[in-house]
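*Asks:* Data: input.txt, compact mmCIF, C-alpha atoms.
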# COMPACT_ATOMS: atom_id res chain seq x y z
CA MET A 19 0.00 0.00 0.00
CA ASN A 20 2.75 2.33 0.96
CA GLU A 21 4.63 1.38 -2.22
CA GLN A 22 1.61 2.21 -4.34
CA LYS A 23 1.29 5.63 -2.72
CA LEU A 24 4.94 6.26 -3.37
CA ASN A 25 4.51 5.41 -7.02
CA ASN A 26 1.48 7.65 -7.33
CA ARG A 27 3.40 10.51 -5.71
CA ASN A 28 6.29 10.08 -8.20
CA ARG A 29 3.91 10.13 -11.19
CA ASP A 30 2.31 13.31 -9.93
CA PHE A 31 5.73 14.90 -9.53
CA GLU A 32 6.71 13.93 -13.09
CA ASP A 33 3.39 15.23 -14.37
CA ASP A 34 3.97 18.56 -12.60
CA ARG A 35 7.43 18.84 -14.13
CA ALA A 36 6.07 18.06 -17.62
CA LEU A 37 3.35 20.66 -17.13
CA ASP A 38 5.96 23.25 -16.07
CA ARG A 39 8.03 22.48 -19.20
CA MET A 40 4.95 22.91 -21.41
CA LEU A 41 4.07 26.23 -19.79
CA ASP A 42 7.64 27.45 -20.12
CA ALA A 43 7.54 26.65 -23.85
CA CYS A 44 4.33 28.64 -24.25
CA ARG A 45 5.62 31.78 -22.52
CA PHE A 46 6.53 34.88 -24.85
CA GLN A 47 10.18 35.42 -25.62
CA PRO A 48 11.74 38.82 -24.80
CA ILE A 49 11.15 41.45 -27.62
CA ASP A 50 14.28 42.73 -29.53
CA ASN A 51 13.42 46.46 -29.69
CA THR A 52 16.72 47.41 -31.32
CA ARG A 53 16.16 45.15 -34.31
CA ILE A 54 12.60 46.43 -34.76
CA LYS A 55 13.81 50.06 -34.72
CA ASN A 56 16.43 49.26 -37.30
CA LEU A 57 13.87 47.65 -39.59
CA VAL A 58 11.52 50.64 -39.23
CA HIS A 59 14.30 53.15 -39.96
CA GLU A 60 15.40 51.11 -42.98
CA LYS A 61 11.86 51.08 -44.36
CA ILE A 62 11.46 54.85 -43.86
CA HIS A 63 14.83 55.48 -45.54
CA ASN A 64 13.91 53.31 -48.56
CA GLU A 65 10.59 55.13 -48.95
CA LYS A 66 12.34 58.54 -48.84
CA MET A 67 14.86 57.45 -51.47
CA ALA A 68 12.07 56.14 -53.69
CA ARG A 69 10.25 59.50 -53.41
CA LYS A 70 13.45 61.36 -54.30
CA ARG A 71 13.99 59.18 -57.37
CA ARG A 72 10.41 59.84 -58.51
CA MET A 73 10.88 63.60 -58.02
CA ARG A 74 14.15 63.56 -59.97
CA ARG A 75 12.47 61.76 -62.87
CA ILE A 76 9.59 64.24 -62.87
CA PHE A 77 12.02 67.19 -62.72
CA ALA A 78 14.18 65.77 -65.50
CA VAL A 79 11.19 65.27 -67.78
CA SER A 80 9.88 68.75 -66.99
CA PHE A 81 13.31 70.32 -67.53
CA SER A 82 13.79 68.48 -70.84
CA ALA A 83 10.40 69.61 -72.06
CA ALA A 84 11.12 73.18 -71.00
CA ALA A 85 14.56 73.11 -72.61
CA CYS A 86 13.14 71.75 -75.86
CA LEU A 87 10.43 74.40 -75.83
CA ALA A 88 13.01 77.12 -75.18
CA LEU A 89 15.18 75.79 -78.01
CA VAL A 90 12.27 75.73 -80.44
CA VAL A 91 11.21 79.24 -79.44
CA ALA A 92 14.79 80.54 -79.72
CA PHE A 93 15.25 78.88 -83.11
CA GLY A 94 11.94 80.21 -84.34
CA LEU A 95 12.71 83.73 -83.19
CA SER A 96 16.18 83.68 -84.75
CA TYR A 97 14.76 82.22 -87.97
CA PHE A 98 12.05 84.80 -88.37
CA ALA A 99 14.35 87.57 -87.26
CA SER A 100 17.20 86.74 -89.65
CA SER A 101 15.76 84.58 -92.43
CA THR A 102 16.12 85.72 -96.02
CA PRO A 103 13.27 84.92 -98.40
CA ASP A 104 13.80 82.78 -101.49
CA LEU A 105 14.97 85.65 -103.68
CA SER A 106 14.09 83.97 -106.98
CA SER A 107 10.39 83.71 -106.06
CA ALA A 108 9.89 86.37 -103.38
CA THR A 109 7.12 88.94 -103.81
CA PRO A 110 7.90 92.68 -103.76
CA ARG A 111 6.37 92.85 -100.30
CA GLN A 112 8.62 90.06 -99.00
CA LEU A 113 11.68 91.68 -100.58
CA ALA A 114 10.84 95.04 -99.05
CA GLY A 115 10.30 93.40 -95.66
CA ALA A 116 13.75 91.78 -95.90
CA GLY A 117 15.35 95.09 -96.89
CA TYR A 118 16.15 94.16 -100.52
CA LYS A 119 16.25 96.52 -103.51
CA GLU A 120 15.52 95.54 -107.12
CA LEU A 121 17.39 96.66 -110.23
CA ILE A 122 16.18 95.85 -113.76
CA VAL A 123 18.45 97.00 -116.59
CA PRO A 124 16.64 98.12 -119.78
CA ALA A 125 17.41 96.36 -123.08
CA GLY A 126 20.46 97.63 -124.94
CA THR A 127 22.05 99.26 -121.88
CA ARG A 128 24.38 98.42 -118.98
CA GLN A 129 24.45 99.72 -115.44
CA GLU A 130 27.31 99.91 -112.95
CA PHE A 131 26.92 100.46 -109.21
CA ARG A 132 28.41 99.63 -105.82
CA LEU A 133 26.94 97.23 -103.29
CA PRO A 134 26.76 98.17 -99.58
CA ASP A 135 30.03 96.33 -98.85
CA GLY A 136 31.90 98.18 -101.60
CA SER A 137 31.72 95.38 -104.18
CA ARG A 138 31.54 96.64 -107.78
CA ILE A 139 28.89 95.21 -110.05
CA ILE A 140 28.15 95.77 -113.73
CA ALA A 141 24.78 94.47 -114.87
CA ASN A 142 24.23 93.76 -118.54
CA SER A 143 21.14 94.46 -120.60
CA ARG A 144 17.86 92.96 -119.35
CA THR A 145 19.43 91.75 -116.10
CA ARG A 146 17.57 91.65 -112.81
CA VAL A 147 19.53 92.11 -109.59
CA LEU A 148 18.26 91.94 -105.99
CA TYR A 149 20.52 93.23 -103.24
CA PRO A 150 20.05 94.39 -99.62
CA GLU A 151 20.30 97.94 -98.36
CA HIS A 152 22.72 96.62 -95.73
CA PHE A 153 24.47 93.26 -95.52
CA GLU A 154 23.67 91.52 -92.22
CA GLY A 155 24.33 88.07 -90.85
CA LYS A 156 27.05 85.56 -91.69
CA GLU A 157 27.02 85.99 -95.48
CA ARG A 158 26.52 88.62 -98.16
CA ARG A 159 23.81 87.36 -100.52
CA ILE A 160 22.40 88.84 -103.74
CA TYR A 161 20.33 87.47 -106.61
CA ALA A 162 21.01 87.91 -110.33
CA ASN A 163 19.24 86.71 -113.45
CA GLY A 164 20.84 87.77 -116.71
CA GLU A 165 24.51 88.69 -116.85
CA ILE A 166 26.67 90.43 -114.26
CA PHE A 167 30.34 91.16 -113.77
CA LEU A 168 31.49 91.34 -110.14
CA GLU A 169 34.54 92.60 -108.30
CA VAL A 170 33.81 91.35 -104.79
CA ALA A 171 35.19 93.25 -101.79
CA LYS A 172 37.32 90.95 -99.64
CA ASP A 173 35.80 89.89 -96.34
CA PRO A 174 36.90 86.40 -95.24
CA HIS A 175 34.43 86.38 -92.34
CA HIS A 176 31.38 87.05 -94.54
CA PRO A 177 31.31 84.91 -97.72
CA PHE A 178 29.67 86.49 -100.77
CA VAL A 179 26.93 84.44 -102.45
CA VAL A 180 25.28 85.11 -105.80
CA GLU A 181 22.00 83.24 -106.04
CA SER A 182 20.91 82.42 -109.59
CA GLU A 183 18.53 80.09 -111.38
CA GLY A 184 19.28 76.60 -110.08
CA PHE A 185 22.71 77.29 -108.58
CA ASP A 186 24.68 79.54 -106.21
CA VAL A 187 28.17 80.98 -106.64
CA ARG A 188 30.04 81.32 -103.35
CA VAL A 189 33.15 83.51 -103.02
CA LEU A 190 35.31 85.35 -100.49
CA GLY A 191 36.92 87.98 -102.70
CA THR A 192 37.28 87.62 -106.46
CA VAL A 193 36.43 88.84 -109.98
CA PHE A 194 34.08 86.80 -112.13
CA ASN A 195 31.27 86.88 -114.68
CA ILE A 196 27.90 85.11 -114.50
CA SER A 197 25.61 84.73 -117.50
CA ASN A 198 22.17 83.17 -117.10
CA THR A 199 20.08 83.12 -120.27
CA SER A 200 16.40 82.46 -120.88
CA ASP A 201 16.93 78.93 -122.29
CA SER A 202 18.10 77.50 -118.93
CA THR A 203 21.77 77.65 -119.96
CA ALA A 204 24.31 79.54 -117.88
CA SER A 205 28.02 80.10 -117.55
CA VAL A 206 30.43 81.24 -114.84
CA VAL A 207 33.81 82.63 -115.92
CA LEU A 208 36.42 83.25 -113.22
CA VAL A 209 38.86 86.09 -113.88
CA GLU A 210 40.78 85.97 -110.60
CA GLY A 211 40.43 84.48 -107.14
CA SER A 212 38.34 81.41 -106.41
CA VAL A 213 34.64 80.58 -106.51
CA GLN A 214 32.54 77.55 -105.71
CA ILE A 215 29.37 76.66 -107.59
CA ASP A 216 26.74 74.95 -105.42
CA MET A 217 24.13 73.07 -107.42
CA GLU A 218 20.63 71.98 -106.38
CA ASN A 219 21.62 68.31 -106.55
CA ASP A 220 23.98 68.90 -103.58
CA ARG A 221 27.03 68.78 -105.86
CA SER A 222 29.61 71.56 -105.92
CA ILE A 223 32.59 72.48 -108.07
CA ARG A 224 35.45 74.92 -107.43
CA LEU A 225 36.86 77.09 -110.22
CA LYS A 226 40.37 78.36 -110.81
CA PRO A 227 41.26 81.57 -112.70
CA ARG A 228 40.38 81.37 -116.43
CA ASP A 229 37.97 78.47 -115.78
CA MET A 230 34.57 78.58 -117.45
CA ALA A 231 31.81 76.33 -116.14
CA GLU A 232 28.80 75.84 -118.39
CA LEU A 233 25.50 74.82 -116.85
CA LEU A 234 22.18 73.48 -118.03
CA ASN A 235 19.15 73.58 -115.70
CA GLY A 236 21.45 74.36 -112.78
CA ASP A 237 23.86 71.45 -113.36
CA VAL A 238 27.45 71.87 -114.60
CA THR A 239 27.85 70.23 -118.01
CA SER A 240 31.42 71.27 -118.89
CA LEU A 241 34.52 72.91 -117.45
CA SER A 242 37.20 74.48 -119.65
CA GLN A 243 39.96 77.11 -119.73
CA VAL A 244 39.12 80.24 -121.75
CA ASP A 245 40.32 83.72 -122.61
CA THR A 246 38.34 85.71 -120.07
CA ASP A 247 38.40 88.86 -122.22
CA ASN A 248 36.02 87.14 -124.62
CA TYR A 249 33.44 86.91 -121.85
CA THR A 250 33.99 90.18 -119.99
CA SER A 251 34.54 92.64 -122.87
CA TRP A 252 30.83 93.54 -122.76
CA THR A 253 31.55 95.49 -119.58
CA LYS A 254 33.46 97.96 -121.80
CA GLY A 255 30.69 98.03 -124.40
CA LEU A 256 32.57 95.67 -126.71
CA LEU A 257 32.05 92.11 -127.89
CA TYR A 258 35.10 90.14 -129.02
CA LEU A 259 34.16 87.41 -131.45
CA LYS A 260 37.29 85.30 -132.15
CA GLY A 261 35.55 82.57 -134.09
CA MET A 262 32.20 82.66 -132.30
CA PRO A 263 29.53 80.67 -134.21
CA LEU A 264 26.88 82.95 -135.73
CA SER A 265 24.11 81.06 -133.90
CA VAL A 266 25.75 81.86 -130.53
CA LEU A 267 26.42 85.46 -131.54
CA ILE A 268 22.83 86.23 -132.54
CA ARG A 269 21.54 84.58 -129.37
CA ASN A 270 23.74 86.90 -127.31
CA LEU A 271 22.65 89.91 -129.35
CA GLY A 272 19.00 88.94 -128.99
CA GLU A 273 19.41 88.75 -125.22
CA TYR A 274 21.20 92.10 -125.15
CA TYR A 275 18.84 94.08 -127.35
CA GLY A 276 15.66 92.30 -126.25
CA ILE A 277 14.61 91.01 -129.65
CA GLU A 278 14.32 87.58 -131.26
CA ILE A 279 17.05 86.90 -133.85
CA ASN A 280 17.22 83.68 -135.87
CA CYS A 281 19.34 82.43 -138.73
CA SER A 282 19.08 79.64 -141.26
CA LYS A 283 20.80 76.34 -140.53
CA THR A 284 23.31 76.93 -143.32
CA LEU A 285 24.61 80.00 -141.45
CA ALA A 286 24.40 78.67 -137.88
CA ASP A 287 27.96 77.27 -137.71
CA THR A 288 29.63 80.13 -139.56
CA LYS A 289 32.47 81.44 -137.38
CA VAL A 290 32.65 85.18 -136.93
CA TYR A 291 35.83 87.11 -136.13
CA GLY A 292 36.25 90.72 -135.18
CA LYS A 293 34.88 93.17 -132.62
CA LEU A 294 31.43 94.66 -132.22
CA ASP A 295 30.62 97.91 -130.42
CA LEU A 296 27.52 97.30 -128.33
CA ARG A 297 27.09 101.03 -127.82
CA ASP A 298 25.74 101.12 -131.38
CA ASN A 299 22.10 100.34 -132.14
CA LEU A 300 21.14 96.85 -133.34
CA ASP A 301 20.82 97.82 -137.02
CA THR A 302 24.39 99.14 -137.06
CA VAL A 303 25.67 95.99 -135.32
CA LEU A 304 23.91 93.70 -137.81
CA GLU A 305 25.31 95.70 -140.70
CA SER A 306 28.79 95.21 -139.25
CA ILE A 307 28.20 91.45 -139.17
CA GLN A 308 26.86 91.57 -142.70
CA GLU A 309 30.24 92.89 -143.89
CA ILE A 310 31.84 89.68 -142.58
CA VAL A 311 29.11 87.11 -143.31
CA PRO A 312 27.23 87.52 -146.61
CA MET A 313 23.55 87.39 -145.63
CA HIS A 314 20.15 89.00 -146.00
CA ILE A 315 18.48 90.64 -143.01
CA THR A 316 14.69 90.59 -142.84
CA ARG A 317 12.41 91.91 -140.13
CA SER A 318 8.95 90.68 -139.15
CA GLY A 319 7.42 92.47 -136.18
CA ASN A 320 9.72 92.02 -133.19
CA SER A 321 11.89 89.32 -134.79
CA ILE A 322 14.79 89.27 -137.23
CA MET A 323 15.80 86.51 -139.67
CA LEU A 324 19.25 86.09 -141.19
CA LYS A 325 19.42 84.15 -144.47
CA PRO A 326 22.25 83.38 -146.95
Turn the structure described in the file into structure tokens.

*Replies:*
Amino acid sequence: MNEQKLNNRNRDFEDDRALDRMLDACRFQPIDNTRIKNLVHEKIHNEKMARKRRMRRIFAVSFSAAACLALVVAFGLSYFASSTPDLSSATPRQLAGAGYKELIVPAGTRQEFRLPDGSRIIANSRTRVLYPEHFEGKERRIYANGEIFLEVAKDPHHPFVVESEGFDVRVLGTVFNISNTSDSTASVVLVEGSVQIDMENDRSIRLKPRDMAELLNGDVTSLSQVDTDNYTSWTKGLLYLKGMPLSVLIRNLGEYYGIEINCSKTLADTKVYGKLDLRDNLDTVLESIQEIVPMHITRSGNSIMLKP
């Protein structure tokens, strides 16, 4: 009996110890406040950095947009403030607004004048020249359709540009002759210095003294060395012939006097030598040619026909 009681007491003691172990396992562990604070601070820091990155992106986009807008506005203002109209097609109102003057030389005459930079220009008969009252900007630009002789004042910081039909001639300081006729043919003869011809097809060609470039529809078709006096003597009122075909001669005379002159095919290739004085009237000039080339001269309205 006593042994049974002892056994019961031992079981109760073991049960109490087991219960204590179970309760101890269920109790809360101490809280690590330091670790929790560190986690909270880390989270707050990450959120602040994320906000800063978002703000930087927003600012960068806004600044880029503002910069682009400022660039467009600045470009637009500079364009409208300094742009030159297309001189070949500009209206009188546009030319006046851009400060350009217009000169049209009557048929059978020549006109000499100085440009605002001191450049000397001689414009041949029936030539149209557009030039500004004052040269402004990076280049000195004029327009010419017909025939002009130029002695360009030197200014290496402001290139001189002659705009013509289908091509531009760009120079720094030089002497040259440009002829642009009504049949889409043109020529540039360089007396001294250097010029560059810029064509509409993005090609360009540089000339040396005594070079003559011939063009058709704004494109250079040939380049040769010539006697420049043959192409600039008109500035003195003279025309040197030196074997010029009659067909070429009468075309030049027709352009100069403002009248249509034709010849028969049998006379077209006849070479003419001598010198003509363009200060004379057309009848006198044709009579001078008639002394060299046997031909009949007939008139019909505003045209002349030369026959054998």

*Asks:* Leaving out Leu148 of chain A and any residue of its chain fewer than 4 positions from it, which residues lie within 6 Å of it when counting only C-alpha atoms, given as JSON, numbers by chain?

*Replies:* {"A": [119, 120, 160, 161]}

*Asks:* Excluding same-chain residues fewer than 4 positions from Gly211 of chain A, what lies within 10 Å of it counting only C-alpha atoms, as an MDAnalysis selection string?

*Replies:* chainID A and resid 170 189:194 225:228

*Asks:* Rounded to one decimal in Å, what is the spacing between atom CA of Lys293 of chain A and atom CA of Glu309 of chain A?

*Replies:*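 So the two atoms, atom CA of Lys293 of chain A and atom CA of Glu309 of chain A, lie 12.2 Å apart.
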
*Asks:* If I take atom CA of Ala116 of chain A and atom CA of Glu151 of chain A, how far is one from the other in Å, to one decimal?

*Replies:*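 Spanning atom CA of Ala116 of chain A to atom CA of Glu151 of chain A is a straight-line distance of 9.3 Å.
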
*Asks:* What is the atom CA of Ile166 of chain A to atom CA of Ala108 of chain A distance in Å?

*Replies:*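 Separating atom CA of Ile166 of chain A from atom CA of Ala108 of chain A is a distance of 20.4 Å.
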
*Asks:* Which of these, A:Ile277, A:Ile315, A:Ile215, A:Val180, has the shortest distance to Asp237 of chain A once you count all atoms listed in the file?

*Replies:*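 Counting all atoms listed in the file, the residue closest to Asp237 of chain A is A:Ile215.
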
*Asks:* Please provide the set of residues having any atom within 6 Å of Ser143 of chain A, restricted to all atoms listed in the file, with same-chain residues fewer than 6 positions apart removed, written as a ChimeraX atom specification.

*Replies:* /A:123-128,274

*Asks:* For a quick check of understanding, using all atoms listed in the file, which of A:Leu324, A:Leu304, A:Leu271, A:Val206 has the smallest distance to Leu285 of chain A?

*Replies:*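 Among the listed residues, A:Leu324 lies closest to Leu285 of chain A.
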
*Asks:* Taking 2 positions as the minimum chain separation for residues in the same chain, which residues sit within 10 Å of Ile140 of chain A when counting only C-alpha atoms? Answer as a list in words.

*Replies:*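 The filter keeps Arg128, Gln129, Glu130, Phe131, Arg132, Arg138, Asn142, Ser143, Thr145, Glu165, Ile166, Phe167, Leu168, Glu169, Asn195, Trp252, Thr253 and Lys254 of chain A.
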
*Asks:* Please, which residues are within 7 Å of (27.5, 100.0, -127.2) by the file's coordinates, counting all atoms listed in the file, and could they come as number ranges by chain?

*Replies:* A: 255-256, 295-298
